[in-house]
>>> print(open('data.cif').read())   # mmCIF, C-alpha atoms; chains and numbers go by the auth columns
data_input
loop_
_atom_site.group_PDB
_atom_site.id
_atom_site.type_symbol
_atom_site.label_atom_id
_atom_site.label_comp_id
_atom_site.label_asym_id
_atom_site.label_seq_id
_atom_site.Cartn_x
_atom_site.Cartn_y
_atom_site.Cartn_z
_atom_site.B_iso_or_equiv
_atom_site.auth_seq_id
_atom_site.auth_asym_id
ATOM 1 C CA MET A 1 26.008 -25.339 -5.122 0.00 1 A
ATOM 2 C CA LYS A 2 23.729 -28.392 -4.975 0.00 2 A
ATOM 3 C CA CYS A 3 24.755 -31.004 -2.437 0.00 3 A
ATOM 4 C CA THR A 4 23.920 -34.751 -2.927 0.00 4 A
ATOM 5 C CA LEU A 5 24.220 -37.585 -0.445 0.00 5 A
ATOM 6 C CA PRO A 6 26.627 -40.408 -1.294 0.00 6 A
ATOM 7 C CA ALA A 7 24.882 -43.584 -2.434 0.00 7 A
ATOM 8 C CA ARG A 8 25.395 -45.231 0.960 0.00 8 A
ATOM 9 C CA GLY A 9 23.848 -42.241 2.717 0.00 9 A
ATOM 10 C CA VAL A 10 20.802 -42.432 0.476 0.00 10 A
ATOM 11 C CA LEU A 11 20.383 -46.109 1.198 0.00 11 A
ATOM 12 C CA VAL A 12 20.682 -45.634 4.965 0.00 12 A
ATOM 13 C CA ALA A 13 18.142 -42.795 4.877 0.00 13 A
ATOM 14 C CA ALA A 14 15.735 -44.877 2.814 0.00 14 A
ATOM 15 C CA LEU A 15 16.011 -47.857 5.151 0.00 15 A
ATOM 16 C CA SER A 16 15.500 -45.660 8.181 0.00 16 A
ATOM 17 C CA GLY A 17 12.354 -44.241 6.619 0.00 17 A
ATOM 18 C CA LEU A 18 11.102 -47.743 5.837 0.00 18 A
ATOM 19 C CA VAL A 19 11.636 -48.901 9.424 0.00 19 A
ATOM 20 C CA LEU A 20 9.714 -45.919 10.747 0.00 20 A
ATOM 21 C CA ALA A 21 6.897 -46.514 8.288 0.00 21 A
ATOM 22 C CA VAL A 22 6.612 -50.182 9.242 0.00 22 A
ATOM 23 C CA SER A 23 6.651 -49.302 12.930 0.00 23 A
ATOM 24 C CA GLY A 24 3.816 -46.870 12.360 0.00 24 A
ATOM 25 C CA CYS A 25 1.732 -49.446 10.506 0.00 25 A
ATOM 26 C CA SER A 26 2.223 -52.081 13.197 0.00 26 A
ATOM 27 C CA SER A 27 0.873 -49.787 15.918 0.00 27 A
ATOM 28 C CA ASP A 28 -2.776 -49.158 16.759 0.00 28 A
ATOM 29 C CA GLY A 29 -2.958 -46.402 14.129 0.00 29 A
ATOM 30 C CA SER A 30 -2.515 -43.499 16.517 0.00 30 A
ATOM 31 C CA THR A 31 0.920 -42.691 15.096 0.00 31 A
ATOM 32 C CA GLY A 32 -0.489 -42.424 11.594 0.00 32 A
ATOM 33 C CA SER A 33 -3.360 -40.287 12.829 0.00 33 A
ATOM 34 C CA SER A 34 -0.991 -37.995 14.682 0.00 34 A
ATOM 35 C CA ALA A 35 1.173 -37.649 11.596 0.00 35 A
ATOM 36 C CA ALA A 36 -1.867 -36.838 9.462 0.00 36 A
ATOM 37 C CA SER A 37 -3.054 -34.319 12.022 0.00 37 A
ATOM 38 C CA SER A 38 0.388 -32.741 12.154 0.00 38 A
ATOM 39 C CA THR A 39 0.504 -32.532 8.361 0.00 39 A
ATOM 40 C CA THR A 40 -2.938 -30.903 8.282 0.00 40 A
ATOM 41 C CA SER A 41 -1.909 -28.373 10.945 0.00 41 A
ATOM 42 C CA THR A 42 1.291 -27.576 9.100 0.00 42 A
ATOM 43 C CA SER A 43 -0.596 -27.094 5.840 0.00 43 A
ATOM 44 C CA SER A 44 -3.121 -24.796 7.538 0.00 44 A
ATOM 45 C CA ALA A 45 -0.356 -22.736 9.120 0.00 45 A
ATOM 46 C CA ALA A 46 1.409 -22.444 5.784 0.00 46 A
ATOM 47 C CA ALA A 47 -1.810 -21.302 4.117 0.00 47 A
ATOM 48 C CA GLU A 48 -2.388 -18.663 6.798 0.00 48 A
ATOM 49 C CA SER A 49 1.153 -17.301 6.424 0.00 49 A
ATOM 50 C CA THR A 50 0.942 -17.021 2.637 0.00 50 A
ATOM 51 C CA PRO A 51 0.762 -13.313 1.664 0.00 51 A
ATOM 52 C CA ALA A 52 -2.439 -12.172 0.017 0.00 52 A
ATOM 53 C CA ALA A 53 -2.265 -11.985 -3.752 0.00 53 A
ATOM 54 C CA SER A 54 -1.632 -8.531 -5.158 0.00 54 A
ATOM 55 C CA PRO A 55 -4.438 -7.127 -7.319 0.00 55 A
ATOM 56 C CA ALA A 56 -3.681 -6.471 -10.964 0.00 56 A
ATOM 57 C CA GLY A 57 -6.056 -3.495 -11.257 0.00 57 A
ATOM 58 C CA PRO A 58 -7.814 -0.947 -9.032 0.00 58 A
ATOM 59 C CA PHE A 59 -9.001 -2.274 -5.680 0.00 59 A
ATOM 60 C CA GLY A 60 -10.891 -1.108 -2.602 0.00 60 A
ATOM 61 C CA ALA A 61 -14.448 -0.178 -1.660 0.00 61 A
ATOM 62 C CA GLY A 62 -13.789 3.485 -2.487 0.00 62 A
ATOM 63 C CA CYS A 63 -13.307 2.648 -6.157 0.00 63 A
ATOM 64 C CA ALA A 64 -17.075 2.160 -6.419 0.00 64 A
ATOM 65 C CA GLU A 65 -17.409 5.962 -6.242 0.00 65 A
ATOM 66 C CA LEU A 66 -15.578 6.406 -9.543 0.00 66 A
ATOM 67 C CA PRO A 67 -17.849 6.992 -12.549 0.00 67 A
ATOM 68 C CA PRO A 68 -17.989 4.105 -15.039 0.00 68 A
ATOM 69 C CA ASP A 69 -16.933 6.361 -17.893 0.00 69 A
ATOM 70 C CA GLY A 70 -15.902 9.921 -18.625 0.00 70 A
ATOM 71 C CA PRO A 71 -13.035 12.075 -17.280 0.00 71 A
ATOM 72 C CA GLY A 72 -13.167 10.676 -13.725 0.00 72 A
ATOM 73 C CA SER A 73 -13.354 7.016 -14.702 0.00 73 A
ATOM 74 C CA VAL A 74 -10.444 4.581 -14.532 0.00 74 A
ATOM 75 C CA ALA A 75 -9.921 4.950 -18.273 0.00 75 A
ATOM 76 C CA GLY A 76 -10.387 8.722 -18.155 0.00 76 A
ATOM 77 C CA ILE A 77 -7.747 9.431 -15.504 0.00 77 A
ATOM 78 C CA ALA A 78 -5.265 7.097 -17.191 0.00 78 A
ATOM 79 C CA ALA A 79 -4.980 9.544 -20.067 0.00 79 A
ATOM 80 C CA VAL A 80 -4.067 12.632 -18.009 0.00 80 A
ATOM 81 C CA PRO A 81 -1.400 13.531 -15.403 0.00 81 A
ATOM 82 C CA VAL A 82 -2.182 13.143 -11.725 0.00 82 A
ATOM 83 C CA GLY A 83 -2.905 16.789 -10.862 0.00 83 A
ATOM 84 C CA THR A 84 -5.440 17.013 -13.661 0.00 84 A
ATOM 85 C CA ALA A 85 -6.891 13.594 -12.848 0.00 85 A
ATOM 86 C CA ALA A 86 -7.604 14.650 -9.258 0.00 86 A
ATOM 87 C CA THR A 87 -9.770 17.561 -10.425 0.00 87 A
ATOM 88 C CA SER A 88 -12.164 15.116 -12.096 0.00 88 A
ATOM 89 C CA ASN A 89 -12.791 13.210 -8.854 0.00 89 A
ATOM 90 C CA PRO A 90 -15.247 14.983 -6.497 0.00 90 A
ATOM 91 C CA ALA A 91 -13.966 12.839 -3.604 0.00 91 A
ATOM 92 C CA LEU A 92 -10.596 14.618 -3.895 0.00 92 A
ATOM 93 C CA SER A 93 -11.854 18.223 -4.037 0.00 93 A
ATOM 94 C CA ALA A 94 -10.224 19.144 -0.693 0.00 94 A
ATOM 95 C CA LEU A 95 -6.909 17.747 -1.898 0.00 95 A
ATOM 96 C CA VAL A 96 -7.190 19.684 -5.143 0.00 96 A
ATOM 97 C CA GLN A 97 -7.815 22.862 -3.158 0.00 97 A
ATOM 98 C CA ALA A 98 -4.719 22.225 -1.028 0.00 98 A
ATOM 99 C CA VAL A 99 -2.527 21.372 -4.019 0.00 99 A
ATOM 100 C CA SER A 100 -3.675 24.539 -5.788 0.00 100 A
ATOM 101 C CA ALA A 101 -2.997 26.662 -2.698 0.00 101 A
ATOM 102 C CA ALA A 102 0.550 25.294 -2.550 0.00 102 A
ATOM 103 C CA ASN A 103 1.081 25.844 -6.298 0.00 103 A
ATOM 104 C CA LEU A 104 1.886 22.177 -6.793 0.00 104 A
ATOM 105 C CA VAL A 105 -0.483 21.295 -9.645 0.00 105 A
ATOM 106 C CA GLU A 106 2.086 21.823 -12.389 0.00 106 A
ATOM 107 C CA PRO A 107 5.001 20.203 -10.500 0.00 107 A
ATOM 108 C CA LEU A 108 2.867 17.112 -9.882 0.00 108 A
ATOM 109 C CA ASN A 109 1.645 17.032 -13.465 0.00 109 A
ATOM 110 C CA THR A 110 5.179 17.146 -14.845 0.00 110 A
ATOM 111 C CA ALA A 111 6.857 14.807 -12.340 0.00 111 A
ATOM 112 C CA PRO A 112 7.765 11.521 -14.043 0.00 112 A
ATOM 113 C CA ASP A 113 6.718 8.210 -12.531 0.00 113 A
ATOM 114 C CA ILE A 114 5.522 8.938 -9.006 0.00 114 A
ATOM 115 C CA THR A 115 3.243 7.312 -6.448 0.00 115 A
ATOM 116 C CA VAL A 116 0.670 9.553 -4.775 0.00 116 A
ATOM 117 C CA LEU A 117 -1.086 8.767 -1.502 0.00 117 A
ATOM 118 C CA ALA A 118 -4.150 10.935 -2.086 0.00 118 A
ATOM 119 C CA PRO A 119 -6.223 11.916 0.973 0.00 119 A
ATOM 120 C CA ALA A 120 -9.944 11.914 0.204 0.00 120 A
ATOM 121 C CA ASN A 121 -12.267 14.634 1.525 0.00 121 A
ATOM 122 C CA PRO A 122 -13.045 12.797 4.818 0.00 122 A
ATOM 123 C CA ALA A 123 -9.308 12.817 5.555 0.00 123 A
ATOM 124 C CA PHE A 124 -9.275 16.604 5.595 0.00 124 A
ATOM 125 C CA ASP A 125 -12.562 16.680 7.513 0.00 125 A
ATOM 126 C CA ALA A 126 -10.868 14.646 10.270 0.00 126 A
ATOM 127 C CA ILE A 127 -8.514 17.573 10.975 0.00 127 A
ATOM 128 C CA PRO A 128 -9.949 20.113 13.469 0.00 128 A
ATOM 129 C CA ALA A 129 -11.198 23.182 11.595 0.00 129 A
ATOM 130 C CA ASP A 130 -8.785 25.656 13.217 0.00 130 A
ATOM 131 C CA GLN A 131 -5.813 23.373 12.578 0.00 131 A
ATOM 132 C CA ARG A 132 -6.866 22.853 8.982 0.00 132 A
ATOM 133 C CA GLN A 133 -7.241 26.587 8.389 0.00 133 A
ATOM 134 C CA ALA A 134 -3.804 27.224 9.864 0.00 134 A
ATOM 135 C CA LEU A 135 -2.323 24.561 7.598 0.00 135 A
ATOM 136 C CA MET A 136 -3.926 26.023 4.484 0.00 136 A
ATOM 137 C CA ALA A 137 -2.575 29.478 5.411 0.00 137 A
ATOM 138 C CA ASP A 138 1.006 28.263 5.919 0.00 138 A
ATOM 139 C CA SER A 139 2.376 27.674 2.419 0.00 139 A
ATOM 140 C CA ALA A 140 5.659 26.116 3.549 0.00 140 A
ATOM 141 C CA GLN A 141 3.992 23.678 5.933 0.00 141 A
ATOM 142 C CA LEU A 142 1.256 22.850 3.443 0.00 142 A
ATOM 143 C CA THR A 143 3.867 22.090 0.792 0.00 143 A
ATOM 144 C CA ALA A 144 5.738 19.816 3.203 0.00 144 A
ATOM 145 C CA VAL A 145 2.545 17.936 4.084 0.00 145 A
ATOM 146 C CA LEU A 146 1.543 17.446 0.458 0.00 146 A
ATOM 147 C CA LEU A 147 4.993 16.353 -0.730 0.00 147 A
ATOM 148 C CA HIS A 148 5.066 13.854 2.147 0.00 148 A
ATOM 149 C CA HIS A 149 2.279 12.046 0.239 0.00 149 A
ATOM 150 C CA VAL A 150 4.388 11.660 -2.913 0.00 150 A
ATOM 151 C CA ILE A 151 6.929 8.879 -3.473 0.00 151 A
ATOM 152 C CA GLN A 152 9.339 8.712 -6.383 0.00 152 A
ATOM 153 C CA GLY A 153 8.623 5.779 -8.691 0.00 153 A
ATOM 154 C CA ARG A 154 5.409 3.936 -9.469 0.00 154 A
ATOM 155 C CA LEU A 155 4.722 1.443 -6.676 0.00 155 A
ATOM 156 C CA SER A 156 2.545 -1.535 -7.567 0.00 156 A
ATOM 157 C CA PRO A 157 0.501 -3.156 -4.753 0.00 157 A
ATOM 158 C CA ASP A 158 3.180 -5.790 -4.161 0.00 158 A
ATOM 159 C CA GLN A 159 5.756 -2.993 -3.688 0.00 159 A
ATOM 160 C CA LEU A 160 3.641 -0.692 -1.532 0.00 160 A
ATOM 161 C CA ALA A 161 4.374 -2.145 1.899 0.00 161 A
ATOM 162 C CA GLY A 162 7.606 -0.866 3.412 0.00 162 A
ATOM 163 C CA THR A 163 9.364 2.386 4.235 0.00 163 A
ATOM 164 C CA HIS A 164 9.666 4.796 1.329 0.00 164 A
ATOM 165 C CA THR A 165 11.412 8.139 0.861 0.00 165 A
ATOM 166 C CA THR A 166 8.988 10.925 -0.043 0.00 166 A
ATOM 167 C CA LEU A 167 9.496 14.051 -2.115 0.00 167 A
ATOM 168 C CA ASN A 168 9.564 15.921 1.205 0.00 168 A
ATOM 169 C CA ASN A 169 12.902 14.156 1.870 0.00 169 A
ATOM 170 C CA ASP A 170 11.501 12.182 4.777 0.00 170 A
ATOM 171 C CA SER A 171 9.934 8.728 4.893 0.00 171 A
ATOM 172 C CA VAL A 172 6.547 7.066 5.190 0.00 172 A
ATOM 173 C CA THR A 173 5.986 3.505 6.379 0.00 173 A
ATOM 174 C CA ILE A 174 3.136 1.510 4.875 0.00 174 A
ATOM 175 C CA GLU A 175 2.041 -1.861 6.241 0.00 175 A
ATOM 176 C CA GLY A 176 -0.111 -4.582 4.717 0.00 176 A
ATOM 177 C CA SER A 177 -0.450 -6.730 1.621 0.00 177 A
ATOM 178 C CA GLY A 178 -2.961 -7.761 -1.015 0.00 178 A
ATOM 179 C CA GLU A 179 -5.746 -5.194 -0.860 0.00 179 A
ATOM 180 C CA SER A 180 -5.242 -4.034 2.729 0.00 180 A
ATOM 181 C CA PHE A 181 -2.706 -1.303 3.472 0.00 181 A
ATOM 182 C CA THR A 182 -2.377 1.101 6.417 0.00 182 A
ATOM 183 C CA VAL A 183 -0.196 3.846 7.857 0.00 183 A
ATOM 184 C CA ALA A 184 -0.022 3.876 11.659 0.00 184 A
ATOM 185 C CA GLY A 185 -1.828 6.601 13.584 0.00 185 A
ATOM 186 C CA GLU A 186 1.388 8.297 14.686 0.00 186 A
ATOM 187 C CA GLY A 187 2.022 9.011 11.036 0.00 187 A
ATOM 188 C CA THR A 188 -1.199 10.995 10.448 0.00 188 A
ATOM 189 C CA VAL A 189 -2.273 14.528 11.320 0.00 189 A
ATOM 190 C CA ALA A 190 -5.409 13.365 13.140 0.00 190 A
ATOM 191 C CA GLY A 191 -3.619 10.540 14.974 0.00 191 A
ATOM 192 C CA THR A 192 -5.856 7.870 13.427 0.00 192 A
ATOM 193 C CA ALA A 193 -4.452 5.071 11.288 0.00 193 A
ATOM 194 C CA ALA A 194 -4.846 5.667 7.568 0.00 194 A
ATOM 195 C CA SER A 195 -6.191 3.011 5.201 0.00 195 A
ATOM 196 C CA VAL A 196 -6.144 2.722 1.433 0.00 196 A
ATOM 197 C CA THR A 197 -9.754 2.992 0.245 0.00 197 A
ATOM 198 C CA CYS A 198 -9.119 2.826 -3.505 0.00 198 A
ATOM 199 C CA GLY A 199 -5.734 1.789 -4.778 0.00 199 A
ATOM 200 C CA ASN A 200 -3.658 1.063 -7.844 0.00 200 A
ATOM 201 C CA LEU A 201 -5.253 3.804 -9.948 0.00 201 A
ATOM 202 C CA GLN A 202 -3.129 4.725 -12.937 0.00 202 A
ATOM 203 C CA THR A 203 -2.742 8.233 -14.367 0.00 203 A
ATOM 204 C CA ALA A 204 -0.421 9.308 -17.166 0.00 204 A
ATOM 205 C CA ASN A 205 2.463 9.871 -14.750 0.00 205 A
ATOM 206 C CA ALA A 206 1.470 8.366 -11.408 0.00 206 A
ATOM 207 C CA THR A 207 0.076 5.419 -9.507 0.00 207 A
ATOM 208 C CA VAL A 208 -2.500 6.657 -7.001 0.00 208 A
ATOM 209 C CA TYR A 209 -3.688 5.183 -3.692 0.00 209 A
ATOM 210 C CA VAL A 210 -6.609 7.084 -2.151 0.00 210 A
ATOM 211 C CA ILE A 211 -6.389 7.141 1.667 0.00 211 A
ATOM 212 C CA ASP A 212 -8.750 8.218 4.451 0.00 212 A
ATOM 213 C CA GLN A 213 -6.333 10.294 6.564 0.00 213 A
ATOM 214 C CA VAL A 214 -3.889 13.135 5.938 0.00 214 A
ATOM 215 C CA LEU A 215 -0.344 11.995 6.631 0.00 215 A
ATOM 216 C CA LYS A 216 2.007 13.941 8.882 0.00 216 A
ATOM 217 C CA PRO A 217 5.577 14.661 7.745 0.00 217 A
ATOM 218 C CA ALA A 218 8.509 14.112 10.055 0.00 218 A
ATOM 219 C CA GLN A 219 9.182 17.139 12.214 0.00 219 A
#
>>> encode(input="data.cif", output="structure tokens")
Amino acid sequence: MKCTLPARGVLVAALSGLVLAVSGCSSDGSTGSSAASSTTSTSSAAAESTPAASPAGPFGAGCAELPPDGPGSVAGIAAVPVGTAATSNPALSALVQAVSAANLVEPLNTAPDITVLAPANPAFDAIPADQRQALMADSAQLTAVLLHHVIQGRLSPDQLAGTHTTLNNDSVTIEGSGESFTVAGEGTVAGTAASVTCGNLQTANATVYVIDQVLKPAQ
């Protein structure tokens, strides 16, 4: 409901403002300068608190590694489901190996409208070799880890920040805005904060955000 001041209230407010304005003009100018300075500071603070604009297409330095055309390009992966799209990106070969070992290629390809946080090869390299080998040999644990990277629904960049339920029936918390998104170190296998290196990639059934750490499911 919109509230309006009675006519008398408007008049009183206007007169009060006029008196203040005249008082400011009759001074040595310091009041006006202070007001201008305050306005400038307020404007600067407002500008700093404004969230970064969300990108409409792919973003991130890692996107430069995608070929300009062909199966692994932005246009190429848009035509195929996410499991197939990953096989055309050499930077995701370790992820493809893990997904294949867990027999998740077909389930991911047929899942409708999902968001995938896809660890690039350096993410797997950050896991100590013996721990990585043990993970690859444990099908149940590997499946849990991989499904922890999958969220139901396609999340655009302006929806990515927040806590989301994963297909592992736990949750992942993503922080950031614009083109900068992270997952805190306690949420990764290596204990190092994860960052999105190439985001908002579209496949036939998923929105993909490539990250530089392997995430750790809730125990």
>>> closest_residue(input="data.cif", among="A:Ala98, A:Leu142, A:Leu160, A:Ala206", to="A:Asn121", atoms="only C-alpha atoms")
A:Ala98
>>> closest_residue(input="data.cif", among="A:Val145, A:Ala102, A:Ala193, A:Leu167", to="A:Lys216", atoms="all atoms listed in the file")
A:Val145
>>> closest_residue(input="data.cif", among="A:Ala85, A:Ser177, A:Val99, A:Ala184", to="A:Pro157", atoms="all atoms listed in the file")
A:Ser177
>>> closest_atom_pairs(input="data.cif", of="stretch 120-211 of chain A", to="stretch 54-77 of chain A", cutoff="6 Å", atoms="only C-alpha atoms", output="tab-separated table")
residue	atom	partner	partner_atom	distance
A:Pro157	CA	A:Ser54	CA	5.8
A:Asp158	CA	A:Ser54	CA	5.6
A:Gly178	CA	A:Ser54	CA	4.4
A:Thr197	CA	A:Gly62	CA	4.9
A:Cys198	CA	A:Gly60	CA	4.4
A:Gly199	CA	A:Phe59	CA	5.3
A:Asn200	CA	A:Pro58	CA	4.8
A:Leu201	CA	A:Pro58	CA	5.5
A:Thr203	CA	A:Ile77	CA	5.3
>>> resolve_selection(input="data.cif", expression="the PyMOL selection byres ((chain A and resi 81) around 12)", output="PyMOL selection string")
chain A and resi 71+76-80+82-88+105-116+201-208
